[in-house]
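Student: My structure is stored as coords.cif, with mmCIF, C-alpha atoms; chains and numbers go by the auth columns.
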```
data_upload
#
loop_
_atom_site.group_PDB
_atom_site.id
_atom_site.type_symbol
_atom_site.label_atom_id
_atom_site.label_comp_id
_atom_site.label_asym_id
_atom_site.label_seq_id
_atom_site.Cartn_x
_atom_site.Cartn_y
_atom_site.Cartn_z
_atom_site.B_iso_or_equiv
_atom_site.auth_seq_id
_atom_site.auth_asym_id
ATOM 1 C CA GLN A 1 183.252 199.025 77.030 0.00 11 A
ATOM 2 C CA VAL A 2 182.717 196.124 79.376 0.00 12 A
ATOM 3 C CA GLN A 3 183.818 192.517 79.487 0.00 13 A
ATOM 4 C CA LEU A 4 181.484 189.911 80.918 0.00 14 A
ATOM 5 C CA VAL A 5 182.571 186.548 82.294 0.00 15 A
ATOM 6 C CA GLU A 6 179.890 184.003 83.088 0.00 16 A
ATOM 7 C CA SER A 7 180.192 180.901 85.204 0.00 17 A
ATOM 8 C CA GLY A 8 178.041 178.400 87.023 0.00 18 A
ATOM 9 C CA GLY A 9 176.333 176.440 84.292 0.00 19 A
ATOM 10 C CA GLY A 10 176.212 172.676 84.253 0.00 20 A
ATOM 11 C CA LEU A 11 174.068 169.571 84.325 0.00 21 A
ATOM 12 C CA VAL A 12 171.363 169.188 86.938 0.00 22 A
ATOM 13 C CA GLN A 13 168.359 166.970 87.439 0.00 23 A
ATOM 14 C CA SER A 14 164.826 168.268 87.153 0.00 24 A
ATOM 15 C CA GLY A 15 163.881 170.079 90.352 0.00 25 A
ATOM 16 C CA GLY A 16 167.477 170.978 91.097 0.00 26 A
ATOM 17 C CA SER A 17 169.200 174.310 91.389 0.00 27 A
ATOM 18 C CA LEU A 18 172.073 176.193 89.809 0.00 28 A
ATOM 19 C CA ARG A 19 173.552 179.615 90.380 0.00 29 A
ATOM 20 C CA LEU A 20 174.971 181.566 87.472 0.00 30 A
ATOM 21 C CA SER A 21 177.432 184.386 87.968 0.00 31 A
ATOM 22 C CA CYS A 22 178.451 187.199 85.647 0.00 32 A
ATOM 23 C CA ALA A 23 181.469 189.282 86.555 0.00 33 A
ATOM 24 C CA THR A 24 181.888 192.648 84.857 0.00 34 A
ATOM 25 C CA SER A 25 185.033 194.604 84.103 0.00 35 A
ATOM 26 C CA ARG A 26 183.602 197.925 85.265 0.00 36 A
ATOM 27 C CA SER A 27 181.458 199.236 88.070 0.00 37 A
ATOM 28 C CA ILE A 28 178.145 197.465 87.872 0.00 38 A
ATOM 29 C CA LEU A 29 176.363 200.640 88.935 0.00 39 A
ATOM 30 C CA SER A 30 177.629 202.371 85.792 0.00 40 A
ATOM 31 C CA ILE A 31 175.769 199.861 83.639 0.00 41 A
ATOM 32 C CA ASN A 32 172.231 200.884 82.736 0.00 42 A
ATOM 33 C CA VAL A 33 170.818 197.389 82.541 0.00 43 A
ATOM 34 C CA MET A 34 172.273 193.970 83.197 0.00 44 A
ATOM 35 C CA GLY A 35 170.389 190.905 82.208 0.00 45 A
ATOM 36 C CA TRP A 36 170.293 187.232 81.487 0.00 46 A
ATOM 37 C CA TYR A 37 169.025 185.829 78.218 0.00 47 A
ATOM 38 C CA ARG A 38 168.831 182.241 77.120 0.00 48 A
ATOM 39 C CA GLN A 39 168.671 180.376 73.854 0.00 49 A
ATOM 40 C CA ALA A 40 167.550 176.788 73.498 0.00 50 A
ATOM 41 C CA PRO A 41 168.315 174.734 70.378 0.00 51 A
ATOM 42 C CA GLY A 42 166.021 175.722 67.535 0.00 52 A
ATOM 43 C CA LYS A 43 164.483 178.562 69.509 0.00 53 A
ATOM 44 C CA GLU A 44 164.944 182.301 69.573 0.00 54 A
ATOM 45 C CA ARG A 45 166.910 184.000 72.279 0.00 55 A
ATOM 46 C CA GLU A 46 164.659 185.200 75.098 0.00 56 A
ATOM 47 C CA LEU A 47 164.966 187.447 78.100 0.00 57 A
ATOM 48 C CA VAL A 48 165.084 185.659 81.445 0.00 58 A
ATOM 49 C CA ALA A 49 165.596 188.532 83.873 0.00 59 A
ATOM 50 C CA ARG A 50 167.186 191.960 84.022 0.00 60 A
ATOM 51 C CA ILE A 51 168.164 194.520 86.606 0.00 61 A
ATOM 52 C CA PHE A 52 168.335 198.253 86.076 0.00 62 A
ATOM 53 C CA SER A 53 171.021 200.372 87.671 0.00 63 A
ATOM 54 C CA GLY A 54 168.489 201.749 90.144 0.00 64 A
ATOM 55 C CA GLY A 55 167.664 198.243 91.330 0.00 65 A
ATOM 56 C CA LEU A 56 164.403 197.486 89.509 0.00 66 A
ATOM 57 C CA ILE A 57 164.238 193.836 88.445 0.00 67 A
ATOM 58 C CA ASN A 58 162.075 192.310 85.723 0.00 68 A
ATOM 59 C CA TYR A 59 161.474 188.586 85.244 0.00 69 A
ATOM 60 C CA ALA A 60 160.047 186.636 82.370 0.00 70 A
ATOM 61 C CA ASP A 61 156.759 185.002 83.322 0.00 71 A
ATOM 62 C CA PHE A 62 158.189 181.539 82.819 0.00 72 A
ATOM 63 C CA VAL A 63 160.745 182.008 85.637 0.00 73 A
ATOM 64 C CA LYS A 64 158.763 184.002 88.166 0.00 74 A
ATOM 65 C CA GLY A 65 158.899 182.339 91.549 0.00 75 A
ATOM 66 C CA ARG A 66 161.754 180.052 90.520 0.00 76 A
ATOM 67 C CA PHE A 67 164.644 182.319 89.512 0.00 77 A
ATOM 68 C CA THR A 68 166.116 185.219 91.456 0.00 78 A
ATOM 69 C CA LEU A 69 168.421 187.840 90.020 0.00 79 A
ATOM 70 C CA SER A 70 170.702 189.715 92.392 0.00 80 A
ATOM 71 C CA ARG A 71 173.895 191.692 92.312 0.00 81 A
ATOM 72 C CA ASP A 72 176.926 192.330 94.474 0.00 82 A
ATOM 73 C CA ASN A 73 178.024 195.897 93.881 0.00 83 A
ATOM 74 C CA THR A 74 181.329 195.372 95.673 0.00 84 A
ATOM 75 C CA LYS A 75 182.256 192.488 93.380 0.00 85 A
ATOM 76 C CA ASN A 76 180.678 193.951 90.227 0.00 86 A
ATOM 77 C CA THR A 77 178.869 190.679 89.751 0.00 87 A
ATOM 78 C CA VAL A 78 175.294 189.688 89.036 0.00 88 A
ATOM 79 C CA PHE A 79 173.846 186.339 89.947 0.00 89 A
ATOM 80 C CA LEU A 80 170.975 184.275 88.699 0.00 90 A
ATOM 81 C CA GLN A 81 169.777 181.762 91.264 0.00 91 A
ATOM 82 C CA MET A 82 167.743 179.118 89.474 0.00 92 A
ATOM 83 C CA ASN A 83 165.581 176.807 91.538 0.00 93 A
ATOM 84 C CA SER A 84 163.020 174.164 90.605 0.00 94 A
ATOM 85 C CA LEU A 85 164.690 173.726 87.257 0.00 95 A
ATOM 86 C CA LYS A 86 162.793 172.007 84.477 0.00 96 A
ATOM 87 C CA PRO A 87 164.002 170.309 81.284 0.00 97 A
ATOM 88 C CA ASP A 88 162.513 173.284 79.384 0.00 98 A
ATOM 89 C CA ASP A 89 165.093 175.493 81.099 0.00 99 A
ATOM 90 C CA THR A 90 167.837 173.758 79.148 0.00 100 A
ATOM 91 C CA ALA A 91 169.622 176.424 77.108 0.00 101 A
ATOM 92 C CA VAL A 92 172.732 178.496 76.764 0.00 102 A
ATOM 93 C CA TYR A 93 172.448 181.389 79.187 0.00 103 A
ATOM 94 C CA TYR A 94 174.002 184.731 78.292 0.00 104 A
ATOM 95 C CA CYS A 95 174.823 187.661 80.487 0.00 105 A
ATOM 96 C CA THR A 96 174.280 191.068 78.916 0.00 106 A
ATOM 97 C CA ALA A 97 175.151 194.646 79.735 0.00 107 A
ATOM 98 C CA TYR A 98 173.518 197.683 78.197 0.00 108 A
ATOM 99 C CA LEU A 99 175.410 200.931 78.607 0.00 109 A
ATOM 100 C CA GLY A 100 172.973 203.120 76.737 0.00 110 A
ATOM 101 C CA ARG A 101 173.013 204.666 73.260 0.00 111 A
ATOM 102 C CA GLY A 102 172.961 201.258 71.654 0.00 112 A
ATOM 103 C CA SER A 103 176.031 199.952 73.483 0.00 113 A
ATOM 104 C CA ASP A 104 175.156 196.343 74.133 0.00 114 A
ATOM 105 C CA TYR A 105 177.585 193.666 75.347 0.00 115 A
ATOM 106 C CA TRP A 106 177.223 189.912 75.706 0.00 116 A
ATOM 107 C CA GLY A 107 179.102 187.245 77.544 0.00 117 A
ATOM 108 C CA GLN A 108 180.280 184.037 75.924 0.00 118 A
ATOM 109 C CA GLY A 109 177.372 182.026 77.302 0.00 119 A
ATOM 110 C CA THR A 110 177.159 179.158 79.742 0.00 120 A
ATOM 111 C CA GLN A 111 175.332 175.895 79.117 0.00 121 A
ATOM 112 C CA VAL A 112 172.579 174.818 81.476 0.00 122 A
ATOM 113 C CA THR A 113 171.221 171.311 80.974 0.00 123 A
ATOM 114 C CA VAL A 114 168.335 169.960 83.009 0.00 124 A
ATOM 115 C CA SER A 115 167.714 166.241 82.776 0.00 125 A
ATOM 116 C CA SER A 116 164.295 164.712 83.345 0.00 126 A
#
```
How does the structure come out when it is put into structure tokens?
Tutor:
Amino acid sequence: QVQLVESGGGLVQSGGSLRLSCATSRSILSINVMGWYRQAPGKERELVARIFSGGLINYADFVKGRFTLSRDNTKNTVFLQMNSLKPDDTAVYYCTAYLGRGSDYWGQGTQVTVSS
């Protein structure tokens, strides 16, 4: 099992930046995939970015060039640096950890609100 604790959400103006953090309760290198999803009101949850244990990173097209996912192996933490934020980025952002064999864990979510 793994516990995930997110932080860093908040209110920011359009064009601003935020950095989300997700601390895990186990070695981050033992987790197959860590990712960030988001869900806006009335919309389905969607993948934002994910990192595989080997270091490969995938981004959704709508964040390419604006968001950067990284990790600190010594702190067992992943980060999502979000720049050039837009009102459409407003959503609850969730950290996820996939351990394999269907073992999927989610954080409690952190609200990101971008004002125009």
Student: With the file shown as input, list the residues that the PyMOL selection byres ((chain A and resi 121-126) around 8) selects, as a ChimeraX atom specification.
Tutor: /A:19-24,95-103,119-120
Student: Pick out the closest residue to Gly45 (chain A) from this set: A:Ala33, A:Cys105, A:Val15, A:Gln118. Count all atoms listed in the file.
Tutor: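 Result for the nearest residue to Gly45 (chain A): A:Cys105.
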Student: Compare A:Gly25, A:Leu39, A:Gly112, A:Leu14 by their minimum atom-to-atom distance to Asp82 (chain A), counting only C-alpha atoms, and give me the closest one.
Tutor: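 For Asp82 (chain A), the nearest of the candidates is A:Leu39.
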Student: What lies within 9 Å of Ser37 (chain A) using all atoms listed in the file, ignoring chain neighbours under 4 positions off, as a PDB file with C-alpha atoms, in the coordinates of the input?
Tutor:
```pdb
ATOM      1  CA  ILE A  41     175.769 199.861  83.639  1.00  0.00           C
ATOM      2  CA  ASN A  83     178.024 195.897  93.881  1.00  0.00           C
ATOM      3  CA  THR A  84     181.329 195.372  95.673  1.00  0.00           C
ATOM      4  CA  LYS A  85     182.256 192.488  93.380  1.00  0.00           C
ATOM      5  CA  ASN A  86     180.678 193.951  90.227  1.00  0.00           C
TER       6      ASN A  86
END
```
Student: Please write as a VMD selection string the full residue list that the PyMOL selection byres ((chain A and resi 43) around 6) yields on this file.
Tutor: chain A and resid 41 to 42 44 61 to 63 107 to 108
Student: Return as an MDAnalysis selection string the set of residues that the PyMOL selection byres ((chain A and resi 78) around 8) yields on the displayed structure.
Tutor: chainID A and resid 75:77 79:80 89:92
Student: Expressed in Å to a single decimal, how great is the separation between CA of Arg81 (chain A) and CA of Gly110 (chain A)?
Tutor: 19.3 Å
Student: Enter the distance from CA of Val12 (chain A) to CA of Lys53 (chain A), in Å, rounded to one decimal.
Tutor: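 Distance between the two atoms: 27.2 Å.
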Student: Calculated over all atoms listed in the file, which of the candidates A:Gln49, A:Thr34, A:Arg29, A:Gly64 has the smallest distance to Gly117 (chain A)?
Tutor: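 Using all atoms listed in the file, Gly117 (chain A) sits closest to A:Thr34.
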Student: For Cys32 (chain A), which residue among A:Ser94, A:Arg111, A:Leu57, A:Ser17 is the nearest when counting all atoms listed in the file?
Tutor: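 Looking only at the distances to Cys32 (chain A), the closest residue turns out to be A:Ser17.
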Student: By how many Å are CA of Leu66 (chain A) and CA of Glu54 (chain A) apart?
Tutor: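 That distance, rounded to one decimal, is 25.1 Å.
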Student: Report the centre and edge lengths, in Å to one decimal, of an axis-aligned box enclosing every atom of region 110-123 of chain A listed in the file, padded by 8 Å on each side, as JSON.
Tutor:
```
{"center_x": 175.8, "center_y": 188.0, "center_z": 76.6, "size_x": 25.1, "size_y": 49.4, "size_z": 25.8}
```
Student: Kindly write region 20-37 of chain A with N, CA and C atoms to a file, as a PDB file, in the first residue's frame.
Tutor:
```pdb
ATOM      1  N   GLY A  20      -4.107  26.154  -4.935  1.00  0.00           N
ATOM      2  CA  GLY A  20      -4.494  27.488  -4.497  1.00  0.00           C
ATOM      3  C   GLY A  20      -5.123  28.284  -5.609  1.00  0.00           C
ATOM      4  N   LEU A  21      -5.211  29.580  -5.372  1.00  0.00           N
ATOM      5  CA  LEU A  21      -5.797  30.520  -6.327  1.00  0.00           C
ATOM      6  C   LEU A  21      -4.684  31.333  -6.966  1.00  0.00           C
ATOM      7  N   VAL A  22      -4.724  31.430  -8.279  1.00  0.00           N
ATOM      8  CA  VAL A  22      -3.702  32.171  -9.005  1.00  0.00           C
ATOM      9  C   VAL A  22      -4.351  32.855 -10.198  1.00  0.00           C
ATOM     10  N   GLN A  23      -3.776  33.953 -10.614  1.00  0.00           N
ATOM     11  CA  GLN A  23      -4.294  34.647 -11.782  1.00  0.00           C
ATOM     12  C   GLN A  23      -3.824  33.969 -13.061  1.00  0.00           C
ATOM     13  N   SER A  24      -4.570  34.187 -14.117  1.00  0.00           N
ATOM     14  CA  SER A  24      -4.195  33.654 -15.423  1.00  0.00           C
ATOM     15  C   SER A  24      -2.780  34.088 -15.789  1.00  0.00           C
ATOM     16  N   GLY A  25      -1.982  33.134 -16.267  1.00  0.00           N
ATOM     17  CA  GLY A  25      -0.586  33.403 -16.569  1.00  0.00           C
ATOM     18  C   GLY A  25       0.361  33.114 -15.433  1.00  0.00           C
ATOM     19  N   GLY A  26      -0.190  32.851 -14.256  1.00  0.00           N
ATOM     20  CA  GLY A  26       0.633  32.585 -13.084  1.00  0.00           C
ATOM     21  C   GLY A  26       1.109  31.155 -13.003  1.00  0.00           C
ATOM     22  N   SER A  27       1.754  30.854 -11.890  1.00  0.00           N
ATOM     23  CA  SER A  27       2.341  29.533 -11.698  1.00  0.00           C
ATOM     24  C   SER A  27       1.977  28.966 -10.325  1.00  0.00           C
ATOM     25  N   LEU A  28       1.954  27.654 -10.260  1.00  0.00           N
ATOM     26  CA  LEU A  28       1.806  26.929  -9.009  1.00  0.00           C
ATOM     27  C   LEU A  28       2.654  25.668  -9.090  1.00  0.00           C
ATOM     28  N   ARG A  29       3.046  25.176  -7.930  1.00  0.00           N
ATOM     29  CA  ARG A  29       3.793  23.930  -7.876  1.00  0.00           C
ATOM     30  C   ARG A  29       3.079  22.986  -6.919  1.00  0.00           C
ATOM     31  N   LEU A  30       2.645  21.863  -7.453  1.00  0.00           N
ATOM     32  CA  LEU A  30       2.005  20.844  -6.628  1.00  0.00           C
ATOM     33  C   LEU A  30       3.043  19.817  -6.184  1.00  0.00           C
ATOM     34  N   SER A  31       2.852  19.321  -4.989  1.00  0.00           N
ATOM     35  CA  SER A  31       3.726  18.278  -4.459  1.00  0.00           C
ATOM     36  C   SER A  31       2.891  17.087  -4.037  1.00  0.00           C
ATOM     37  N   CYS A  32       3.473  15.915  -4.142  1.00  0.00           N
ATOM     38  CA  CYS A  32       2.806  14.684  -3.699  1.00  0.00           C
ATOM     39  C   CYS A  32       3.848  13.827  -3.005  1.00  0.00           C
ATOM     40  N   ALA A  33       3.708  13.710  -1.696  1.00  0.00           N
ATOM     41  CA  ALA A  33       4.628  12.907  -0.907  1.00  0.00           C
ATOM     42  C   ALA A  33       4.065  11.505  -0.731  1.00  0.00           C
ATOM     43  N   THR A  34       4.908  10.512  -0.916  1.00  0.00           N
ATOM     44  CA  THR A  34       4.472   9.118  -0.804  1.00  0.00           C
ATOM     45  C   THR A  34       5.025   8.490   0.464  1.00  0.00           C
ATOM     46  N   SER A  35       4.355   7.423   0.892  1.00  0.00           N
ATOM     47  CA  SER A  35       4.733   6.765   2.142  1.00  0.00           C
ATOM     48  C   SER A  35       5.717   5.618   1.924  1.00  0.00           C
ATOM     49  N   ARG A  36       6.106   5.404   0.682  1.00  0.00           N
ATOM     50  CA  ARG A  36       7.077   4.349   0.383  1.00  0.00           C
ATOM     51  C   ARG A  36       8.049   4.859  -0.662  1.00  0.00           C
ATOM     52  N   SER A  37       9.089   4.085  -0.913  1.00  0.00           N
ATOM     53  CA  SER A  37      10.066   4.493  -1.904  1.00  0.00           C
ATOM     54  C   SER A  37       9.396   4.753  -3.247  1.00  0.00           C
TER      55      SER A  37
END
```
